[in-house]
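> File run_9.txt below, compact mmCIF, C-alpha atoms and all ligand atoms:
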```txt
# COMPACT_ATOMS: atom_id res chain seq x y z
CA MET W 1 101.42 -64.88 4.53
CA HIS W 2 102.07 -63.56 8.04
CA ARG W 3 104.95 -61.36 6.91
CA ILE W 4 102.72 -59.82 4.19
CA LYS W 5 100.07 -58.91 6.82
CA ALA W 6 102.71 -57.33 9.06
CA ILE W 7 104.09 -55.23 6.21
CA ALA W 8 100.57 -54.12 5.27
CA ALA W 9 99.92 -53.03 8.86
CA VAL W 10 103.15 -50.99 8.97
CA LEU W 11 102.31 -49.37 5.63
CA PHE W 12 98.86 -48.51 6.98
CA PHE W 13 100.32 -46.72 10.04
CA VAL W 14 102.84 -44.90 7.91
CA PHE W 15 99.98 -43.74 5.69
CA VAL W 16 97.90 -42.56 8.66
CA ALA W 17 100.88 -40.71 10.11
CA ALA W 18 101.71 -39.10 6.75
CA VAL W 19 98.15 -37.80 6.34
CA PHE W 20 97.29 -36.66 9.90
CA LEU W 21 100.54 -35.51 11.47
CA PRO W 22 100.95 -32.53 9.08
CA LEU W 23 97.30 -31.52 9.85
CA VAL W 24 98.02 -31.48 13.61
CA VAL W 25 101.27 -29.53 13.14
CA PHE W 26 99.61 -27.15 10.68
CA ASP W 27 96.70 -26.50 13.07
CA PHE W 28 99.16 -25.81 15.93
CA ASN W 29 101.05 -23.31 13.82
CA ALA W 30 97.79 -21.64 12.68
CA ALA W 31 96.90 -20.68 16.32
CA ASP W 32 100.11 -18.67 16.64
CA ASP W 33 98.94 -16.30 13.93
CA TYR W 34 96.11 -14.78 16.17
CA PHE W 35 96.21 -12.73 19.49
CA PRO W 36 93.60 -13.02 22.23
CA VAL W 37 90.67 -10.58 22.03
CA VAL W 38 89.62 -8.91 25.31
CA THR W 39 86.79 -6.56 26.21
CA LEU W 40 87.70 -3.38 28.11
CA SER W 41 85.12 -1.26 29.98
CA ASP W 42 86.27 2.08 31.32
CA LEU W 43 84.70 5.52 31.77
CA GLY W 44 81.43 4.38 30.24
CA GLN W 45 83.09 3.00 27.07
CA VAL W 46 83.10 -0.74 26.14
CA ASN W 47 85.58 -1.80 23.39
CA ARG W 48 87.17 -5.03 22.16
CA TYR W 49 90.92 -5.23 21.55
CA GLU W 50 93.28 -7.84 20.15
CA THR W 51 96.35 -7.83 22.39
CA ALA W 52 99.83 -9.31 22.47
CA ALA W 53 100.11 -8.45 26.16
CA GLN W 54 100.73 -11.40 28.48
CA THR W 55 99.11 -9.93 31.63
CA VAL W 56 96.30 -7.51 32.49
CA GLY W 57 98.90 -5.02 33.79
CA GLU W 58 100.79 -5.11 30.49
CA PHE W 59 97.54 -4.74 28.53
CA LEU W 60 96.50 -1.62 30.47
CA GLU W 61 100.02 -0.18 30.06
CA ASP W 62 99.86 -0.83 26.30
CA MET W 63 96.48 0.93 26.17
CA GLY W 64 97.88 3.92 28.12
CA ILE W 65 95.35 3.41 30.92
CA THR W 66 96.44 4.59 34.36
CA THR W 67 94.56 4.01 37.60
CA ALA W 68 94.44 6.11 40.73
CA LEU W 69 94.51 4.75 44.28
CA LEU W 70 90.72 4.29 44.65
CA ASP W 71 90.16 3.00 41.08
CA ARG W 72 89.55 -0.74 40.83
CA VAL W 73 90.37 -3.18 37.96
CA SER W 74 88.35 -6.39 37.74
CA TYR W 75 91.59 -8.55 37.66
CA PRO W 76 94.91 -8.24 39.49
CA ALA W 77 97.72 -6.78 37.30
CA ASP W 78 99.56 -10.14 37.04
CA SER W 79 96.52 -12.10 35.78
CA PRO W 80 97.36 -13.80 32.42
CA ILE W 81 95.41 -12.58 29.42
CA TYR W 82 93.08 -15.06 27.77
CA ASP W 83 90.82 -14.83 24.76
CA GLY W 84 87.31 -13.51 25.59
CA MET W 85 88.50 -11.89 28.84
CA ASP W 86 86.30 -9.04 30.25
CA ILE W 87 88.45 -6.36 31.91
CA SER W 88 86.66 -3.48 33.56
CA VAL W 89 88.07 -0.42 35.30
CA LYS W 90 85.80 0.93 38.01
CA ARG W 91 86.76 4.54 38.60
CA ALA W 92 86.48 6.14 42.06
CA VAL W 93 83.33 8.23 42.63
CA ARG W 94 83.63 11.91 43.56
CA PHE W 95 80.62 13.22 45.42
CA TYR W 96 79.56 15.59 48.21
CA VAL W 97 78.36 15.06 51.76
CA ALA W 98 76.36 17.72 53.59
CA THR W 99 75.49 17.40 57.31
CA ASP W 100 73.00 19.50 59.29
CA ASP W 101 73.80 23.14 58.52
CA ASN W 102 77.23 22.35 57.01
CA PRO W 103 77.58 22.94 53.25
CA PRO W 104 78.43 19.98 50.94
CA ALA W 105 82.08 18.83 51.31
CA PRO W 106 83.88 16.77 48.59
CA TRP W 107 84.46 13.05 49.16
CA VAL W 108 86.21 10.40 47.00
CA MET W 109 85.41 6.71 47.48
CA ARG W 110 85.93 3.53 45.48
CA TYR W 111 83.14 2.53 43.08
CA GLY W 112 80.31 0.39 44.45
CA ILE W 113 79.98 2.04 47.85
CA THR W 114 76.40 2.68 49.06
CA VAL W 115 74.78 5.60 50.83
CA GLU W 116 74.61 3.42 53.93
CA ASP W 117 78.43 2.95 53.93
CA ILE W 118 78.85 6.73 53.91
CA LEU W 119 76.17 7.16 56.58
CA LEU W 120 78.10 4.80 58.89
CA GLN W 121 81.30 6.76 58.32
CA VAL W 122 79.57 10.06 59.05
CA GLN W 123 78.07 8.59 62.23
CA ASN W 124 81.50 7.41 63.36
CA THR W 125 83.00 10.81 62.64
CA TYR W 126 80.40 12.75 64.64
CA ASP W 127 79.65 9.95 67.13
CA THR W 128 75.92 10.53 66.79
CA PRO W 129 73.15 8.93 64.70
CA PHE W 130 72.29 10.51 61.35
CA LEU W 131 69.24 10.22 59.12
CA TYR W 132 69.03 9.97 55.34
CA ALA W 133 65.68 10.68 53.72
CA ASN W 134 65.99 8.39 50.68
CA ASP W 135 67.18 4.89 49.67
CA LEU W 136 70.17 3.82 51.77
CA THR W 137 71.09 0.86 49.55
CA ARG W 138 71.66 3.04 46.49
CA LYS W 139 75.16 2.99 44.94
CA ILE W 140 76.75 6.40 44.98
CA GLU W 141 77.35 8.08 41.62
CA THR W 142 79.81 10.78 40.78
CA ALA W 143 78.50 14.29 41.59
CA ASP W 144 75.89 13.00 44.07
CA VAL W 145 75.13 15.34 46.95
CA LEU W 146 74.19 13.34 50.05
CA ARG W 147 72.46 15.23 52.81
CA PHE W 148 72.49 13.71 56.29
CA GLN W 149 70.76 15.08 59.34
CA SER W 150 71.94 14.31 62.85
CA TRP W 151 69.36 12.71 65.10
CA SER W 152 69.45 12.88 68.88
CA THR W 153 67.02 12.61 71.75
CA ARG W 154 66.76 14.01 75.27
CA TYR W 155 64.51 13.24 78.21
CA PHE W 156 63.45 15.61 80.98
CA THR W 157 60.72 15.71 83.60
CA GLU W 158 58.51 18.61 84.57
CA VAL W 159 55.44 19.24 86.66
CA VAL W 160 52.47 20.39 84.61
CA GLU W 161 49.11 21.78 85.67
CA VAL W 162 46.13 19.74 84.56
CA PRO W 163 43.05 21.92 83.96
CA PHE W 164 39.73 20.89 85.46
CA GLU W 165 36.53 20.21 83.58
CA ILE W 166 33.39 22.26 84.07
CA ILE W 167 30.08 20.46 84.21
CA GLU W 168 27.25 22.79 83.21
CA ASN W 169 23.96 21.93 84.86
CA TYR W 170 21.08 23.86 83.32
CA THR W 171 18.46 24.00 86.03
CA GLY W 172 15.07 25.39 86.87
CA SER W 173 16.25 25.67 90.49
CA VAL W 174 18.14 28.84 89.60
CA ARG W 175 16.71 32.05 88.17
CA SER W 176 17.36 32.54 84.47
CA GLY W 177 20.41 34.71 83.76
CA ARG W 178 22.22 33.66 86.94
CA THR W 179 24.89 31.00 87.38
CA HIS W 180 25.71 29.44 90.71
CA ILE W 181 29.01 27.65 91.22
CA ARG W 182 27.94 24.54 93.13
CA GLN W 183 31.45 23.08 93.15
CA ARG W 184 34.66 24.96 92.50
CA GLY W 185 37.13 23.14 90.25
CA ALA W 186 40.75 22.58 91.18
CA THR W 187 43.66 22.01 88.81
CA GLY W 188 45.65 18.82 89.16
CA GLU W 189 49.40 18.27 88.94
CA HIS W 190 51.20 15.67 86.85
CA GLU W 191 54.90 14.98 86.69
CA VAL W 192 55.56 14.12 83.07
CA THR W 193 58.62 12.70 81.33
CA VAL W 194 59.13 14.39 77.98
CA ASN W 195 61.14 12.96 75.11
CA VAL W 196 62.52 15.62 72.78
CA VAL W 197 63.82 14.59 69.35
CA TYR W 198 66.30 16.84 67.57
CA ILE W 199 66.81 16.45 63.82
CA GLY W 200 69.55 18.43 62.13
CA GLY W 201 70.27 20.16 65.44
CA HIS W 202 66.75 21.55 65.69
CA GLU W 203 63.89 20.36 67.89
CA ASP W 204 61.61 18.18 65.79
CA SER W 205 59.07 16.71 68.22
CA ARG W 206 58.11 16.31 71.85
CA THR W 207 56.34 13.27 73.26
CA ILE W 208 55.19 12.56 76.80
CA THR W 209 56.54 9.10 77.59
CA ASP W 210 55.55 8.80 81.25
CA THR W 211 53.07 10.48 83.58
CA VAL W 212 53.06 10.36 87.36
CA VAL W 213 49.90 11.72 88.93
CA ILE W 214 50.69 14.05 91.84
CA SER W 215 47.07 15.15 92.11
CA ASP W 216 44.03 14.75 89.90
CA PRO W 217 41.99 17.76 88.86
CA VAL W 218 38.60 18.24 90.54
CA TYR W 219 35.81 19.11 88.19
CA ALA W 220 33.60 22.13 88.71
CA ILE W 221 29.81 22.15 88.66
CA TYR W 222 28.06 25.28 87.43
CA ASP W 223 24.31 25.46 88.00
CA ILE W 224 23.05 27.65 85.17
CA GLY W 225 19.60 29.08 85.76
CA THR W 226 16.65 28.65 83.40
CA ALA W 227 13.80 29.63 85.73
CA ALA W 228 11.67 32.60 84.67
CA LEU W 229 10.52 35.18 87.20
CA GLY W 230 7.51 33.70 88.99
CA ALA W 231 8.39 30.08 88.17
CA THR W 232 8.22 27.58 91.02
CA THR W 233 10.74 24.95 91.95
CA ASN W 234 11.65 22.32 94.53
CA THR W 235 13.48 24.12 97.32
CA ASN W 236 14.91 20.81 98.59
CA ALA W 237 16.83 20.17 95.33
CA SER W 238 20.61 20.08 95.65
CA ASP W 239 20.97 22.78 93.00
CA PHE W 240 18.64 25.21 94.80
CA HIS W 241 20.92 27.81 96.32
CA TYR W 242 20.09 30.45 98.90
CA LEU W 243 21.82 32.64 101.45
CA ARG W 244 19.24 32.48 104.24
CA ARG W 245 15.63 31.64 104.85
CA LEU W 246 13.18 34.05 106.44
CA ARG W 247 9.72 33.56 107.87
CA LEU W 248 7.60 36.53 106.77
CA GLN W 249 3.98 37.60 107.10
CA ALA W 250 2.70 37.65 103.53
CA THR W 251 -0.17 39.52 101.89
CA ALA W 252 -1.02 40.08 98.24
CA TYR W 253 -1.90 43.09 96.10
CA CYS W 254 -2.84 43.98 92.55
CA ALA W 255 -2.47 47.11 90.40
CA CYS W 256 -5.92 48.47 91.26
CA VAL W 257 -6.64 51.78 92.90
CA VAL W 258 -7.72 50.00 96.10
CA CYS W 259 -4.40 48.23 96.37
CA THR W 260 -2.11 51.04 95.09
CA GLY W 261 -4.09 54.27 95.26
CA LYS W 262 -3.36 54.79 91.55
CA ASN W 263 -6.13 54.91 88.91
CA PRO W 264 -5.59 53.24 85.53
CA GLY W 265 -5.22 56.78 84.06
CA ASP W 266 -2.43 57.65 86.51
CA PRO W 267 1.01 57.75 84.83
CA TRP W 268 2.35 55.79 87.84
CA HIS W 269 -0.32 53.10 87.53
CA GLY W 270 1.32 49.66 87.54
CA ILE W 271 4.74 51.11 88.21
CA THR W 272 6.56 49.91 91.29
CA ALA W 273 8.75 51.83 93.73
CA SER W 274 11.80 50.58 91.85
CA GLY W 275 10.37 51.92 88.57
CA ARG W 276 9.57 48.50 87.18
CA GLN W 277 6.36 47.44 85.60
CA VAL W 278 4.46 45.05 87.86
CA GLU W 279 4.18 41.40 86.94
CA HIS W 280 3.92 38.07 88.74
CA GLY W 281 7.16 37.79 90.76
CA ILE W 282 7.32 41.42 91.81
CA VAL W 283 7.05 41.70 95.58
CA ALA W 284 6.97 44.61 98.00
CA VAL W 285 9.24 44.54 101.07
CA ASP W 286 10.55 46.76 103.84
CA ARG W 287 13.80 47.91 102.27
CA ASP W 288 15.39 48.00 105.75
CA VAL W 289 14.79 44.23 106.01
CA ILE W 290 15.35 43.26 102.35
CA PRO W 291 17.12 45.70 99.99
CA LEU W 292 15.32 46.45 96.74
CA GLY W 293 16.71 44.35 93.89
CA THR W 294 17.20 41.28 96.09
CA HIS W 295 16.29 38.01 94.40
CA LEU W 296 13.94 35.90 96.47
CA TYR W 297 12.08 32.66 96.32
CA VAL W 298 8.66 32.74 97.96
CA GLU W 299 7.05 29.50 99.06
CA GLY W 300 4.11 28.70 96.77
CA TYR W 301 4.60 31.92 94.77
CA GLY W 302 7.89 31.32 92.99
CA PHE W 303 11.00 33.23 92.02
CA ALA W 304 10.57 36.87 92.91
CA ILE W 305 12.43 40.15 93.07
CA ALA W 306 12.09 42.76 95.78
CA ALA W 307 11.06 45.70 93.61
CA ASP W 308 8.29 47.51 95.42
CA THR W 309 7.39 49.04 98.74
CA GLY W 310 4.09 49.84 100.46
CA GLY W 311 2.97 51.92 103.40
CA ALA W 312 1.77 48.86 105.29
CA ILE W 313 4.84 46.74 104.53
CA VAL W 314 7.04 47.42 107.53
CA GLY W 315 9.30 44.92 109.28
CA ASP W 316 9.10 41.15 108.54
CA LYS W 317 6.40 41.48 105.91
CA ILE W 318 6.08 40.80 102.22
CA ASP W 319 3.37 41.80 99.72
CA LEU W 320 3.03 39.63 96.63
CA PHE W 321 1.84 41.07 93.31
CA MET W 322 -1.06 39.22 91.68
CA TYR W 323 -2.91 40.00 88.48
CA SER W 324 -6.44 40.10 89.95
CA HIS W 325 -7.81 41.81 93.02
CA GLN W 326 -9.92 38.68 93.60
CA ASP W 327 -6.81 36.49 93.89
CA ALA W 328 -5.16 39.01 96.20
CA LEU W 329 -8.17 39.04 98.48
CA ARG W 330 -8.41 35.24 98.45
CA PHE W 331 -4.72 34.98 99.44
CA GLY W 332 -5.37 36.88 102.63
CA ARG W 333 -2.63 36.96 105.22
CA ARG W 334 -0.35 34.03 105.99
CA TYR W 335 3.18 33.20 107.13
CA LEU W 336 5.48 31.94 104.41
CA ASN W 337 9.07 30.79 103.99
CA VAL W 338 11.07 33.25 101.90
CA TRP W 339 14.57 32.37 100.70
CA VAL W 340 17.05 35.13 100.03
CA LEU W 341 18.93 33.97 96.97
CA SER W 342 22.58 34.45 96.25
ZN ZN M 401 -6.23 45.34 94.06
```
Taking this structure as input, can you express it in the form of structure tokens?
Ligand SMILES: [Zn+2]

Amino acid sequence: MHRIKAIAAVLFFVFVAAVFLPLVVFDFNAADDYFPVVTLSDLGQVNRYETAAQTVGEFLEDMGITTALLDRVSYPADSPIYDGMDISVKRAVRFYVATDDNPPAPWVMRYGITVEDILLQVQNTYDTPFLYANDLTRKIETADVLRFQSWSTRYFTEVVEVPFEIIENYTGSVRSGRTHIRQRGATGEHEVTVNVVYIGGHEDSRTITDTVVISDPVYAIYDIGTAALGATTNTNASDFHYLRRLRLQATAYCACVVCTGKNPGDPWHGITASGRQVEHGIVAVDRDVIPLGTHLYVEGYGFAIAADTGGAIVGDKIDLFMYSHQDALRFGRRYLNVWVLS
């Protein structure tokens, strides 16, 4: 019984071997009938090839593909070929670089280089910083024209004049039409540090980076008059200006024949010695004491102009025009302060 079992087992193994061994051998032989298929990318073309070549170098030689110094293949030449392999040839890029005012010059670099890589090389060549207006991380393509502009900066100091401000004070203390400079302005001086930026060899901007005050400007005050002839004001105000103050014996007159000797029908009626029509603010003086045309301020009477003369007005006297004979009479004769205005 045991012998029969042993024989059966042997027969079983012989059977298994007879059936499966030829399958294994057959399968092994079948593989030898096919070559590996590889994908080749070059010059924008992607193709699949069955190849008998053993290495990448042999494959490229078989395909008649040559590479220049800056071309790159995705595998070393001695890499063994396998089925499904992706082989790509990255050709060198030929492009142009222009700097400042220099025209574009041809460059050749390996594929994959970025604008920034070129920028660094240009900076090293010229030993100065350069600017690029667009995306620095972009990969360079054949026929690109890259334009770089040098960038440099310079500092210098200079003394500059600082203009003064003018404060305009419109005031009833000054006769309309006249301006009195109460305070003269003075320019200041600053020492400034200036930063000049040059782009592409040309000045691009100037910025003041530091200021040292040597002297500050002093502002000016202009008192600009608004007072009408005959208007009154406060003679103690700081913006009331005068050259000197006189003490004169004052009288008053009107345009009547009693006061002037001229009837209303007279062509010279109401016309002063200076040729001006009379009005409140016109005063008669001794032209040897106060020249005609002098601007005055008369205490209690207001802004006036010396525009008339009179036979009785000799020496330190003043005659004030009034509109009515009654007022002139009432005024009488009194001593008044009279300011000679500037
Ligand atoms: Zn009169």
> Mind running chain W against ligand ZN 401 (chain M) at 9 Å and telling me each contacting residue's nearest atom pair with the distance in Å (one decimal), counting only C-alpha atoms and all ligand atoms, chain and number ascending, as JSON lines?

```
{"residue": "W:Ala252", "atom": "CA", "partner": "M:ZN401", "partner_atom": "ZN", "distance": 8.5}
{"residue": "W:Tyr253", "atom": "CA", "partner": "M:ZN401", "partner_atom": "ZN", "distance": 5.3}
{"residue": "W:Cys254", "atom": "CA", "partner": "M:ZN401", "partner_atom": "ZN", "distance": 4.0}
{"residue": "W:Ala255", "atom": "CA", "partner": "M:ZN401", "partner_atom": "ZN", "distance": 5.5}
{"residue": "W:Cys256", "atom": "CA", "partner": "M:ZN401", "partner_atom": "ZN", "distance": 4.2}
{"residue": "W:Val257", "atom": "CA", "partner": "M:ZN401", "partner_atom": "ZN", "distance": 6.6}
{"residue": "W:Val258", "atom": "CA", "partner": "M:ZN401", "partner_atom": "ZN", "distance": 5.3}
{"residue": "W:Cys259", "atom": "CA", "partner": "M:ZN401", "partner_atom": "ZN", "distance": 4.1}
{"residue": "W:Thr260", "atom": "CA", "partner": "M:ZN401", "partner_atom": "ZN", "distance": 7.1}
{"residue": "W:Met322", "atom": "CA", "partner": "M:ZN401", "partner_atom": "ZN", "distance": 8.4}
{"residue": "W:Tyr323", "atom": "CA", "partner": "M:ZN401", "partner_atom": "ZN", "distance": 8.4}
{"residue": "W:Ser324", "atom": "CA", "partner": "M:ZN401", "partner_atom": "ZN", "distance": 6.7}
{"residue": "W:His325", "atom": "CA", "partner": "M:ZN401", "partner_atom": "ZN", "distance": 4.0}
{"residue": "W:Gln326", "atom": "CA", "partner": "M:ZN401", "partner_atom": "ZN", "distance": 7.6}
{"residue": "W:Asp327", "atom": "CA", "partner": "M:ZN401", "partner_atom": "ZN", "distance": 8.9}
{"residue": "W:Ala328", "atom": "CA", "partner": "M:ZN401", "partner_atom": "ZN", "distance": 6.8}
{"residue": "W:Leu329", "atom": "CA", "partner": "M:ZN401", "partner_atom": "ZN", "distance": 7.9}
```
> Export, as a PDB file, in the frame of the given file, the selected residues with C-alpha atoms.

```pdb
ATOM      1  CA  ALA W 252      -1.020  40.080  98.240  1.00  0.00           C
ATOM      2  CA  TYR W 253      -1.900  43.090  96.100  1.00  0.00           C
ATOM      3  CA  CYS W 254      -2.840  43.980  92.550  1.00  0.00           C
ATOM      4  CA  ALA W 255      -2.470  47.110  90.400  1.00  0.00           C
ATOM      5  CA  CYS W 256      -5.920  48.470  91.260  1.00  0.00           C
ATOM      6  CA  VAL W 257      -6.640  51.780  92.900  1.00  0.00           C
ATOM      7  CA  VAL W 258      -7.720  50.000  96.100  1.00  0.00           C
ATOM      8  CA  CYS W 259      -4.400  48.230  96.370  1.00  0.00           C
ATOM      9  CA  THR W 260      -2.110  51.040  95.090  1.00  0.00           C
ATOM     10  CA  MET W 322      -1.060  39.220  91.680  1.00  0.00           C
ATOM     11  CA  TYR W 323      -2.910  40.000  88.480  1.00  0.00           C
ATOM     12  CA  SER W 324      -6.440  40.100  89.950  1.00  0.00           C
ATOM     13  CA  HIS W 325      -7.810  41.810  93.020  1.00  0.00           C
ATOM     14  CA  GLN W 326      -9.920  38.680  93.600  1.00  0.00           C
ATOM     15  CA  ASP W 327      -6.810  36.490  93.890  1.00  0.00           C
ATOM     16  CA  ALA W 328      -5.160  39.010  96.200  1.00  0.00           C
ATOM     17  CA  LEU W 329      -8.170  39.040  98.480  1.00  0.00           C
TER      18      LEU W 329
END
```
> Could you check the closest approach to W:Ala284 for each of W:Tyr132, W:Phe240, W:Tyr49, W:Phe321 and tell me which residue wins, using all atoms listed in the file?
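Under the stated criterion, the closest residue is W:Phe321.
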> Taking (97.6, -5.5, 27.6) as a centre in this file's frame and 12 Å as the limit, can you find every polymer residue with an atom that close, using all atoms listed in the file, and give them as an MDAnalysis selection string?
chainID W and resid 35:40 48:65 77:83 85 87
> Point out the residue among W:Thr179, W:Leu70, W:Thr153, W:Glu165 with the least atom-to-atom distance to W:Ser205, counting only C-alpha atoms.
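Of W:Thr179, W:Leu70, W:Thr153, W:Glu165, the one nearest W:Ser205, counting only C-alpha atoms, is W:Thr153.
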> Which residue is closest to W:Phe331? Choose from W:Ala250, W:Val73, W:Val314, W:Val285 and count all atoms listed in the file.
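Result for the nearest residue to W:Phe331: W:Ala250.
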> Which residue, W:Gly310, W:Gly172, W:Gly177, W:Gly200, has the smallest gap to W:Ala98 when you use only C-alpha atoms?
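Ranked by minimum distance to W:Ala98, first place goes to W:Gly200.
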> Given only C-alpha atoms as the basis, pick out the residue of W:Thr226, W:Ser88, W:Ile290, W:Asp239 nearest to W:Thr67.
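So, comparing all the options, the nearest one is W:Ser88.
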> Please measure the separation of atom CA of W:Glu141 and atom CA of W:Pro76, giving the value in Å to one decimal.
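We find that atom CA of W:Glu141 and atom CA of W:Pro76 lie 24.1 Å from each other.
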> Please compute the atom CA of W:Gly275-atom CA of W:Lys262 distance, one decimal, in Å.
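Spanning atom CA of W:Gly275 to atom CA of W:Lys262 is a straight-line distance of 14.3 Å.
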> Between W:Tyr198, W:Leu320, W:Glu168, W:Thr272, which is the closest to W:Gly332 once you count only C-alpha atoms?
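The shortest atom-to-atom distance to W:Gly332 comes from W:Leu320.
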> Atom CA of W:Ala143 to atom CA of W:His202: how many Å, to one decimal?
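Separating atom CA of W:Ala143 from atom CA of W:His202 is a distance of 27.8 Å.
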> Neighbouring residues of stretch 100-106 of chain W were defined as those with any atom within 8 Å, considering only C-alpha atoms; residues of the same chain fewer than 2 positions away were excluded. Please report them as a count of residues only.
14
> Residues within 12 Å of W:Asp316, please, as a PyMOL selection string. Count only C-alpha atoms; anything in the same chain fewer than 6 positions from it doesn't count.
chain W and resi 246-251+284-290+335-338
